[in-house]
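Participant: First the structure, which I've put down as structure tokens, then a few questions once you've had a look.
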Amino acid sequence: MVRADPLPIVLVVVEDSDDDFDTVREAVEKVNLRAEVWRAETGGEGLALLQKAVPGRPALVLMDLNTPGYDGRRALTSIKTDRVLRLVPVVVFSGSADPRDVGYCYEQGANAYHVKSVRYPDYLSTLTDLISYWLGRVTLATATP
Amino acid sequence: MSTSTVIADAVPPPWADGPYSVKRHGVSITNCDSEPVQTPGCVQGHGALLVLAQSSLTILQASENSDAVLGRAATDLLGRPVAEILGKEGAAHLADFVAREPIHHNPLHVLTLPARADLTQPLDVSVHAVDGVVILEFEATGHGTGEEPDYFSLIKRTIARLQRVATTTELFAIATDEVRELTGIDRAMVYRFHADGHGEVIAESRRADLPSWKGFHYPAEDIPLPAREVFKRTWLRPVPDVSAPLAELVPLARPDTGGPLQMTWCMLRGPSVMYTEYLRNMGVTASLTMAIRRGEELWGLIACHHYAGPKHVPHPVRAACELVAQIVSIELRGTEEREHLAYRLKMEGVHNDLVMQAAQEGGLAAMMDGRPELLDGLHASGAALFHRERWWKSGRTPTDAQLDALANWLATRPEFERLTRPVYVTDSLARDYPPGAEFAEIASGLLAFSLSISRRSLLLWFRPETIQTVHWGGNPHDMPTVMGPHGPRLTPRTSFELFKESVRQRSLPWLPVEVDAAVRLRMLVLELVVGRAERLAELNADLARSNDELDAFAYVVSHDLKEPLRGIYKYAHQMIEELPALQDEQRRKLDRLVRLSVRMDGLLDSLLHYSRVGRTTLALEEVDLNEIVREAMEMVDSRVTDQRTLVVPRRLPAILCDRARCREIFTNLFSNALKYNESVNKTIEVGALVPGHPARPVGAPAEASGETIYYVRDNGIGIDPSHFEQVFKMFKRLHGRDEYGGGTGAGLPIVKRLVERHGGQIWPDSALGAGTTMYFTLSAREVGP
């Protein structure tokens, strides 16, 4: 099948902190990818964005865990138990280094877990690395097996 | 005097071929408990007795002294009408009296025979009926006609005084005084039977020159069972002359039945030779005895002794004495109940105060050394409390070692399993518990209860062996004795020796009211203990809840604080990067801002970690400490490049713990040992000291006593002992924040928390410049979260 004029891929960012979201945007700019960045402030919003997107377009979810309301943990679980959405890689990006959080997320099917560093340069480089890796190098699934 | 009835049954008594006569057979008696005292076949020689056929009132039997007392030989009287003694008028009066009055088993004064030609003195005649015959008893009135005292007024006064008493002591004091005054006898005593049958003189009125017997105890054998039986049926027993000859009945057997005459209710009944001999051996010349009964039970006696020759108590005075005995018996119950009530109230008052004291001071031991103390309540000579793994004693008690053994034995007693009154009570501990013989002198009596199902708390009261506390009436050191005509067999000395055996290792018994008070005290203490346990549990639950909340709060707060912190760092960083023309001063401040953010981030991480240690459940497993120590050493910051040596003098044990958290304890301690260390060769020694090991530290907390103590020792800079408490406080640093490689000051607080989560304790031993040893225990059980 030939894809005519493909739409740019989508990076869904679940992040309630504006400062942290800014850093994500800076990282995306730095990587210089043709990608749309969709922001959700809660896990619930993030899940809704994924559900209304054209299947295959969202290429990566960057998920903060401690969002207000329907939080990142629940959103992660919902995504990974959805037959279609579970193909989208979810990378958790959290301030928590609690081993229980880490364990929980991998158990729920998170594709990676990163701890936000207070040191900005470290934080930024981690983001650029993971965006270029997941959106540039990894081959993503386009159909359910 | 043997009480064996087996022998008495096996060997036929000497009178087996005819009725018993105390005059003929009494001397051969060796067994008081088999003597037929109610059918002695004889009367006391000072009076005469006639047995009449109930229908015809003709004489069937007469005492052999009839000639002396009545002026007619006994053999002359047999088969004759009673009118020949009483006269026509008297006989008619008797017939009328017998028909109308309640004379069955009840001697009543029927008439007085005036002195006449054949009678040297006036005679009182009393009558009662028994087994189909009428018995007449003749005794001298003891006075001439017309000079009788006003007995009625005397008795009225006596009764009024007896009914006003408040205590039994008062009751008996008045009774003995009144009896002595009424009779003019030398000594009147109240003699009380104890539960084991032995007797005690508890009240006495005596001629001034006589020694007091009050407080003396007498063996049970001194008043044999047959005599006690008589006193359950009659109120009064006079023996006006213990030396008077006995006069046998003629004929000895009843002619109508061929059997012995039932003489239980005869005032003239011939006494046992044993009894008169016993009295004579004490110098007594006459006696008068009355029964004190409580319901059906013979409670005691009013015993009167006279020393100055025969003592005849006239009929009306005897009636008055009998009345005194009956009133004392009636009043006794009420007065005793009042006294028990007073005693119970006193004990309860003391026990309530004790429990209050224990509640205020927060420990049961307060019952033993405060005011009041345990011995102020229940009458006992010693008390012991086992509580918090030690004995608290008061008064005279066995030694700790003896108490330990006793407690172990008590733990097996079924009494403690009972739902109601779970109390062990004995007045002869050595009988149940043979090792108790060792301390029978001070603790023959034991009243004990346990305060907990596990029986780790016991309360005991002790009473000494009776023989240690009382004056023995028969004790040869207390009383002179006179040898009787039949040798020493009936002297108090003999019975004392026998008796000493019977009360060996026995205490005075515990009263029901005392056992009740102990049971009630147990309830009070249990309420107190349960109440305290409940309050403690509530406080612990509150504390656990608030600890949990605090941990949760610390977690959320530190987490949430991280977000703005990242922002602060980021913008400071970006300003440094993006503003090329920054002055040095501005750059320095922004650098400082960045560094402070990093530092705060470190603090938040420590706080998160600390709260996490409190919140997570331990995963207990068997872990080899040698592995843990090796792993911990590998994990310690490898940037420390100096030479380091780990010494493990003895192989460490395998223990039950949470592997990761236990390793964290060691990594933290190792890290400190290397960090605060300026030696060229940094040495760490790790060891385990089992209980009893000679190298165990002397300053260990009491809780560590049964536990293995672990230690991590270094040759570092040491800690000033004044800072020992500080080092375990969160974020407390003893050194500048950039000295010794920095750090947040959370390492030791986290270690302390990890140790405590394992049910252990941690404490340092150190001095500045002398290295540091961190001691800690790790109880196998999990505590918390």
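By convention here, the chains of the structure tokens are called A, B, ... in the order presented, each chain's residues are numbered starting at 1, and ligands are numbered starting at 1 in the order presented.
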Would you kindly return, as a list of chain:residue names, each protein, DNA or RNA residue with an atom no farther than 10 Å from any atom of Thr289 in chain B, considering only C-alpha atoms and excluding same-chain residues fewer than 6 positions away?
Facilitator: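 Result of the neighbour search: B:Ala188, B:Met189, B:Val190, B:Phe231, B:Trp235, B:Leu236, B:Arg237, B:Pro238, B:Val239, B:Leu301, B:Ile302, B:Ala303, B:Cys304, B:His305, B:Cys321, B:Glu322, B:Ala325.
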Participant: Next, the residues of the selection above should be written as a PDB file, in the first residue's frame with C-alpha atoms.
Facilitator:
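After the write, again08.pdb holds the following:
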```pdb
ATOM      1  CA  ALA B 188     -14.420 -19.012 132.550  1.00  0.00           C
ATOM      2  CA  MET B 189     -13.049 -19.315 129.014  1.00  0.00           C
ATOM      3  CA  VAL B 190     -14.339 -19.264 125.467  1.00  0.00           C
ATOM      4  CA  PHE B 231     -22.300 -31.014 123.084  1.00  0.00           C
ATOM      5  CA  TRP B 235     -26.051 -27.166 126.202  1.00  0.00           C
ATOM      6  CA  LEU B 236     -24.586 -27.738 129.622  1.00  0.00           C
ATOM      7  CA  ARG B 237     -22.302 -30.173 131.347  1.00  0.00           C
ATOM      8  CA  PRO B 238     -21.597 -29.750 135.097  1.00  0.00           C
ATOM      9  CA  VAL B 239     -18.901 -31.688 136.956  1.00  0.00           C
ATOM     10  CA  LEU B 301     -17.256 -24.138 124.287  1.00  0.00           C
ATOM     11  CA  ILE B 302     -17.595 -21.953 127.314  1.00  0.00           C
ATOM     12  CA  ALA B 303     -15.332 -23.902 129.642  1.00  0.00           C
ATOM     13  CA  CYS B 304     -15.238 -23.081 133.343  1.00  0.00           C
ATOM     14  CA  HIS B 305     -12.664 -24.409 135.753  1.00  0.00           C
ATOM     15  CA  CYS B 321     -25.657 -20.230 132.148  1.00  0.00           C
ATOM     16  CA  GLU B 322     -27.441 -22.335 129.578  1.00  0.00           C
ATOM     17  CA  ALA B 325     -24.611 -20.117 125.941  1.00  0.00           C
TER      18      ALA B 325
END
```
Participant: Taking only residues of chain B that have an atom at most 8 Å from an atom of chain A, what is each one's shortest atom pair and its distance in Å to one decimal, using only C-alpha atoms, in chain and number order, as a Markdown table?
Facilitator:
```
| residue | atom | partner | partner_atom | distance |
| --- | --- | --- | --- | --- |
| B:His559 | CA | A:Ser96 | CA | 6.8 |
| B:Lys562 | CA | A:Gly95 | CA | 7.0 |
| B:Glu563 | CA | A:Gly95 | CA | 7.4 |
| B:Leu565 | CA | A:Val118 | CA | 6.7 |
| B:Arg566 | CA | A:Val118 | CA | 4.5 |
| B:Gly567 | CA | A:Asp19 | CA | 5.9 |
| B:Tyr569 | CA | A:Tyr120 | CA | 6.5 |
| B:Lys570 | CA | A:Tyr120 | CA | 5.0 |
| B:His573 | CA | A:Tyr120 | CA | 7.1 |
| B:Ser597 | CA | A:Val118 | CA | 7.6 |
| B:Val598 | CA | A:Val118 | CA | 6.8 |
| B:Asp601 | CA | A:Val118 | CA | 6.9 |
```
Participant: Which value, in Å to one decimal, gives the distance between CA of Leu754 in chain B and CA of Ile665 in chain B?
Facilitator: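 Answer for the CA of Leu754 in chain B to CA of Ile665 in chain B separation: 6.8 Å.
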Participant: Write out as an mmCIF file with N, CA, C and O atoms, in the first residue's frame the set of residues from chain A that DSSP, computed on the backbone, places in strand (DSSP E).
Facilitator:
```
data_model
loop_
_atom_site.group_PDB
_atom_site.id
_atom_site.type_symbol
_atom_site.label_atom_id
_atom_site.label_comp_id
_atom_site.auth_asym_id
_atom_site.auth_seq_id
_atom_site.Cartn_x
_atom_site.Cartn_y
_atom_site.Cartn_z
ATOM 1 N N ILE A 9 4.183 12.264 11.965
ATOM 2 C CA ILE A 9 3.910 11.429 13.131
ATOM 3 C C ILE A 9 3.640 12.313 14.345
ATOM 4 O O ILE A 9 3.998 13.478 14.373
ATOM 5 N N VAL A 10 2.995 11.666 15.344
ATOM 6 C CA VAL A 10 2.571 12.423 16.525
ATOM 7 C C VAL A 10 3.306 11.916 17.773
ATOM 8 O O VAL A 10 3.412 10.711 17.995
ATOM 9 N N LEU A 11 3.800 12.889 18.566
ATOM 10 C CA LEU A 11 4.355 12.563 19.883
ATOM 11 C C LEU A 11 3.351 13.075 20.925
ATOM 12 O O LEU A 11 3.067 14.273 20.971
ATOM 13 N N VAL A 12 2.757 12.140 21.661
ATOM 14 C CA VAL A 12 1.802 12.546 22.697
ATOM 15 C C VAL A 12 2.566 12.731 24.008
ATOM 16 O O VAL A 12 3.259 11.815 24.467
ATOM 17 N N VAL A 13 2.443 13.933 24.578
ATOM 18 C CA VAL A 13 3.151 14.212 25.844
ATOM 19 C C VAL A 13 2.121 14.421 26.958
ATOM 20 O O VAL A 13 1.313 15.351 26.871
ATOM 21 N N VAL A 14 2.120 13.536 27.945
ATOM 22 C CA VAL A 14 1.248 13.722 29.111
ATOM 23 C C VAL A 14 2.106 14.378 30.190
ATOM 24 O O VAL A 14 3.020 13.777 30.735
ATOM 25 N N ALA A 35 7.516 16.102 13.301
ATOM 26 C CA ALA A 35 6.567 15.436 14.187
ATOM 27 C C ALA A 35 5.688 16.481 14.845
ATOM 28 O O ALA A 35 6.121 17.603 15.094
ATOM 29 N N GLU A 36 4.446 16.090 15.049
ATOM 30 C CA GLU A 36 3.557 16.964 15.809
ATOM 31 C C GLU A 36 3.658 16.591 17.278
ATOM 32 O O GLU A 36 3.756 15.407 17.611
ATOM 33 N N VAL A 37 3.630 17.615 18.141
ATOM 34 C CA VAL A 37 3.620 17.333 19.579
ATOM 35 C C VAL A 37 2.236 17.683 20.111
ATOM 36 O O VAL A 37 1.776 18.802 19.982
ATOM 37 N N TRP A 38 1.565 16.627 20.637
ATOM 38 C CA TRP A 38 0.243 16.852 21.244
ATOM 39 C C TRP A 38 0.406 16.794 22.770
ATOM 40 O O TRP A 38 0.976 15.844 23.297
ATOM 41 N N ARG A 39 -0.115 17.786 23.439
ATOM 42 C CA ARG A 39 0.064 17.791 24.898
ATOM 43 C C ARG A 39 -1.248 17.482 25.630
ATOM 44 O O ARG A 39 -2.304 17.990 25.243
ATOM 45 N N ALA A 40 -1.146 16.656 26.614
ATOM 46 C CA ALA A 40 -2.273 16.408 27.521
ATOM 47 C C ALA A 40 -1.788 16.704 28.937
ATOM 48 O O ALA A 40 -0.659 16.399 29.278
ATOM 49 N N PRO A 58 0.042 8.280 16.216
ATOM 50 C CA PRO A 58 0.855 8.483 17.432
ATOM 51 C C PRO A 58 1.994 7.477 17.466
ATOM 52 O O PRO A 58 1.770 6.270 17.434
ATOM 53 N N ALA A 59 3.196 7.978 17.442
ATOM 54 C CA ALA A 59 4.364 7.092 17.377
ATOM 55 C C ALA A 59 4.981 6.861 18.745
ATOM 56 O O ALA A 59 5.753 5.930 18.937
ATOM 57 N N LEU A 60 4.671 7.747 19.703
ATOM 58 C CA LEU A 60 5.288 7.611 21.037
ATOM 59 C C LEU A 60 4.463 8.393 22.049
ATOM 60 O O LEU A 60 3.961 9.471 21.733
ATOM 61 N N VAL A 61 4.333 7.803 23.236
ATOM 62 C CA VAL A 61 3.713 8.545 24.341
ATOM 63 C C VAL A 61 4.790 8.776 25.393
ATOM 64 O O VAL A 61 5.466 7.842 25.818
ATOM 65 N N LEU A 62 4.957 10.063 25.767
ATOM 66 C CA LEU A 62 5.830 10.391 26.893
ATOM 67 C C LEU A 62 4.901 10.629 28.083
ATOM 68 O O LEU A 62 4.099 11.536 28.070
ATOM 69 N N MET A 63 5.021 9.783 29.077
ATOM 70 C CA MET A 63 3.996 9.781 30.124
ATOM 71 C C MET A 63 4.573 10.189 31.478
ATOM 72 O O MET A 63 5.495 9.556 31.995
ATOM 73 N N VAL A 90 5.110 3.427 25.094
ATOM 74 C CA VAL A 90 4.913 4.424 26.149
ATOM 75 C C VAL A 90 6.207 4.502 26.956
ATOM 76 O O VAL A 90 6.649 3.502 27.513
ATOM 77 N N VAL A 91 6.798 5.690 26.980
ATOM 78 C CA VAL A 91 8.001 5.896 27.787
ATOM 79 C C VAL A 91 7.606 6.761 28.982
ATOM 80 O O VAL A 91 7.091 7.859 28.806
ATOM 81 N N VAL A 92 7.804 6.187 30.170
ATOM 82 C CA VAL A 92 7.440 6.935 31.378
ATOM 83 C C VAL A 92 8.559 7.889 31.715
ATOM 84 O O VAL A 92 9.744 7.542 31.661
ATOM 85 N N PHE A 93 8.161 9.125 32.043
ATOM 86 C CA PHE A 93 9.122 10.146 32.408
ATOM 87 C C PHE A 93 8.622 10.768 33.698
ATOM 88 O O PHE A 93 7.692 11.545 33.704
ATOM 89 N N SER A 94 9.250 10.354 34.780
ATOM 90 C CA SER A 94 8.667 10.710 36.074
ATOM 91 C C SER A 94 9.704 11.281 37.019
ATOM 92 O O SER A 94 10.891 11.020 36.893
ATOM 93 N N ALA A 112 9.768 1.985 28.558
ATOM 94 C CA ALA A 112 10.983 2.447 29.236
ATOM 95 C C ALA A 112 10.570 3.333 30.400
ATOM 96 O O ALA A 112 9.430 3.807 30.455
ATOM 97 N N TYR A 113 11.498 3.529 31.308
ATOM 98 C CA TYR A 113 11.212 4.364 32.473
ATOM 99 C C TYR A 113 12.408 5.277 32.694
ATOM 100 O O TYR A 113 13.537 4.814 32.811
ATOM 101 N N HIS A 114 12.157 6.574 32.705
ATOM 102 C CA HIS A 114 13.243 7.532 32.955
ATOM 103 C C HIS A 114 12.891 8.385 34.138
ATOM 104 O O HIS A 114 11.731 8.747 34.323
ATOM 105 N N VAL A 115 13.906 8.712 34.945
ATOM 106 C CA VAL A 115 13.692 9.630 36.070
ATOM 107 C C VAL A 115 14.114 11.019 35.631
ATOM 108 O O VAL A 115 15.192 11.207 35.078
#
```
Participant: From a DSSP pass on the backbone, collect the residues of range 209-341 of chain B flagged as alpha helix (DSSP H) and hand them back as a PyMOL selection string.
Facilitator: chain B and resi 225-233+273-281+315-341
Participant: At a cut-off of 12 Å, using only C-alpha atoms, what residues contact His723 in chain B? Leave out same-chain residues fewer than 4 positions from it and give the result as a PyMOL selection string.
Facilitator: chain B and resi 718-719+727-729+732-735+763-768
Participant: Let me see the file: selected residues, all heavy atoms, as a short mmCIF file (atom, residue, chain, number, x, y, z; two decimals), in the first residue's frame.
Facilitator:
```cif
data_model
loop_
_atom_site.label_atom_id
_atom_site.label_comp_id
_atom_site.auth_asym_id
_atom_site.auth_seq_id
_atom_site.Cartn_x
_atom_site.Cartn_y
_atom_site.Cartn_z
N GLY B 718 36.11 9.09 64.62
CA GLY B 718 35.38 8.94 65.87
C GLY B 718 34.30 9.99 66.06
O GLY B 718 34.20 10.96 65.31
N ILE B 719 33.45 9.76 67.05
CA ILE B 719 32.35 10.68 67.36
C ILE B 719 32.45 11.05 68.82
O ILE B 719 32.65 10.19 69.68
CB ILE B 719 30.97 10.01 67.13
CG1 ILE B 719 30.89 9.39 65.72
CG2 ILE B 719 29.84 10.98 67.35
CD1 ILE B 719 29.72 8.45 65.55
N VAL B 727 23.64 12.01 65.89
CA VAL B 727 23.98 11.35 64.62
C VAL B 727 22.80 10.59 64.03
O VAL B 727 22.79 10.32 62.82
CB VAL B 727 25.19 10.38 64.77
CG1 VAL B 727 26.43 11.16 65.15
CG2 VAL B 727 24.90 9.27 65.76
N PHE B 728 21.81 10.25 64.86
CA PHE B 728 20.69 9.50 64.32
C PHE B 728 19.52 10.40 63.93
O PHE B 728 18.44 9.93 63.59
CB PHE B 728 20.21 8.46 65.34
CG PHE B 728 21.23 7.38 65.58
CD1 PHE B 728 21.92 7.31 66.77
CD2 PHE B 728 21.51 6.46 64.57
CE1 PHE B 728 22.87 6.32 66.98
CE2 PHE B 728 22.46 5.47 64.78
CZ PHE B 728 23.15 5.40 65.98
N LYS B 729 19.73 11.73 64.01
CA LYS B 729 18.63 12.65 63.67
C LYS B 729 18.71 13.01 62.19
O LYS B 729 19.78 13.26 61.65
CB LYS B 729 18.71 13.90 64.54
CG LYS B 729 18.37 13.56 65.99
CD LYS B 729 17.85 14.76 66.72
CE LYS B 729 17.31 14.34 68.08
NZ LYS B 729 17.80 15.20 69.14
N LYS B 732 20.87 15.82 60.32
CA LYS B 732 21.78 16.41 61.29
C LYS B 732 23.19 16.05 60.86
O LYS B 732 23.52 14.87 60.73
CB LYS B 732 21.47 15.83 62.68
CG LYS B 732 21.85 16.72 63.80
CD LYS B 732 20.81 17.80 63.99
CE LYS B 732 21.40 18.87 64.90
NZ LYS B 732 20.47 19.98 65.05
N ARG B 733 24.01 17.05 60.64
CA ARG B 733 25.39 16.77 60.24
C ARG B 733 26.33 17.28 61.31
O ARG B 733 26.09 18.32 61.91
CB ARG B 733 25.71 17.42 58.91
CG ARG B 733 24.89 16.92 57.74
CD ARG B 733 25.26 17.67 56.49
NE ARG B 733 26.72 17.72 56.35
CZ ARG B 733 27.43 16.76 55.77
NH1 ARG B 733 26.85 15.73 55.23
NH2 ARG B 733 28.74 16.86 55.70
N LEU B 734 27.37 16.52 61.57
CA LEU B 734 28.33 16.97 62.58
C LEU B 734 29.44 17.79 61.95
O LEU B 734 30.19 18.45 62.62
CB LEU B 734 28.94 15.77 63.31
CG LEU B 734 27.95 14.91 64.09
CD1 LEU B 734 28.70 13.77 64.78
CD2 LEU B 734 27.18 15.72 65.10
N HIS B 735 29.51 17.71 60.61
CA HIS B 735 30.62 18.40 59.93
C HIS B 735 30.06 19.30 58.85
O HIS B 735 28.89 19.18 58.47
CB HIS B 735 31.56 17.37 59.29
CG HIS B 735 32.02 16.33 60.28
ND1 HIS B 735 33.01 16.58 61.19
CD2 HIS B 735 31.57 15.07 60.53
CE1 HIS B 735 33.18 15.51 61.94
NE2 HIS B 735 32.31 14.59 61.57
N TRP B 763 23.30 1.47 68.57
CA TRP B 763 23.93 2.47 69.44
C TRP B 763 25.43 2.49 69.16
O TRP B 763 26.01 1.46 68.79
CB TRP B 763 23.63 2.16 70.91
CG TRP B 763 24.28 0.90 71.43
CD1 TRP B 763 25.43 0.82 72.16
CD2 TRP B 763 23.81 -0.45 71.27
NE1 TRP B 763 25.70 -0.49 72.46
CE2 TRP B 763 24.73 -1.29 71.93
CE3 TRP B 763 22.70 -1.02 70.62
CZ2 TRP B 763 24.58 -2.67 71.96
CZ3 TRP B 763 22.55 -2.39 70.65
CH2 TRP B 763 23.48 -3.21 71.32
N PRO B 764 26.02 3.67 69.27
CA PRO B 764 27.44 3.78 68.95
C PRO B 764 28.33 3.67 70.17
O PRO B 764 27.88 3.87 71.29
CB PRO B 764 27.54 5.20 68.37
CG PRO B 764 26.47 5.95 69.09
CD PRO B 764 25.41 4.98 69.54
N ASP B 765 29.58 3.33 69.92
CA ASP B 765 30.59 3.45 70.97
C ASP B 765 31.78 4.08 70.30
O ASP B 765 32.31 3.55 69.32
CB ASP B 765 30.95 2.07 71.53
CG ASP B 765 31.98 2.19 72.65
OD1 ASP B 765 32.01 3.27 73.30
OD2 ASP B 765 32.73 1.24 72.88
N SER B 766 32.18 5.24 70.81
CA SER B 766 33.24 5.95 70.11
C SER B 766 33.78 7.06 71.00
O SER B 766 33.23 7.38 72.04
CB SER B 766 32.68 6.56 68.82
OG SER B 766 33.69 7.27 68.16
N ALA B 767 34.88 7.63 70.57
CA ALA B 767 35.42 8.85 71.17
C ALA B 767 36.18 9.53 70.05
O ALA B 767 36.60 8.88 69.08
CB ALA B 767 36.34 8.53 72.33
N LEU B 768 36.31 10.84 70.15
CA LEU B 768 37.01 11.58 69.10
C LEU B 768 38.40 11.01 68.90
O LEU B 768 39.14 10.83 69.87
CB LEU B 768 37.09 13.06 69.46
CG LEU B 768 35.88 13.90 69.04
CD1 LEU B 768 36.11 15.36 69.42
CD2 LEU B 768 35.60 13.76 67.55
#
```
Participant: Can you measure CA of Gln121 in chain B to CA of Val22 in chain B for me? One decimal in Å is fine.
Facilitator: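 That distance, rounded to one decimal, is 27.7 Å.
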Participant: Which neighbours of range 436-451 of chain B fall inside 8 Å, counting only C-alpha atoms, when residues of the same chain fewer than 2 positions from it are skipped, and could you give them as a PyMOL selection string?
Facilitator: chain B and resi 381+396-398+406+416+422-430+433-434+453+455-465+468+505-510+515+518-519+522+525-526
Participant: What's around Ile709 in chain B at 12 Å? Count only C-alpha atoms, leave out sequence neighbours fewer than 3 positions away in its own chain, and write the answer as number ranges by chain.
Facilitator: B: 652-653, 686-701, 703-706, 712, 755, 760-763, 773-779
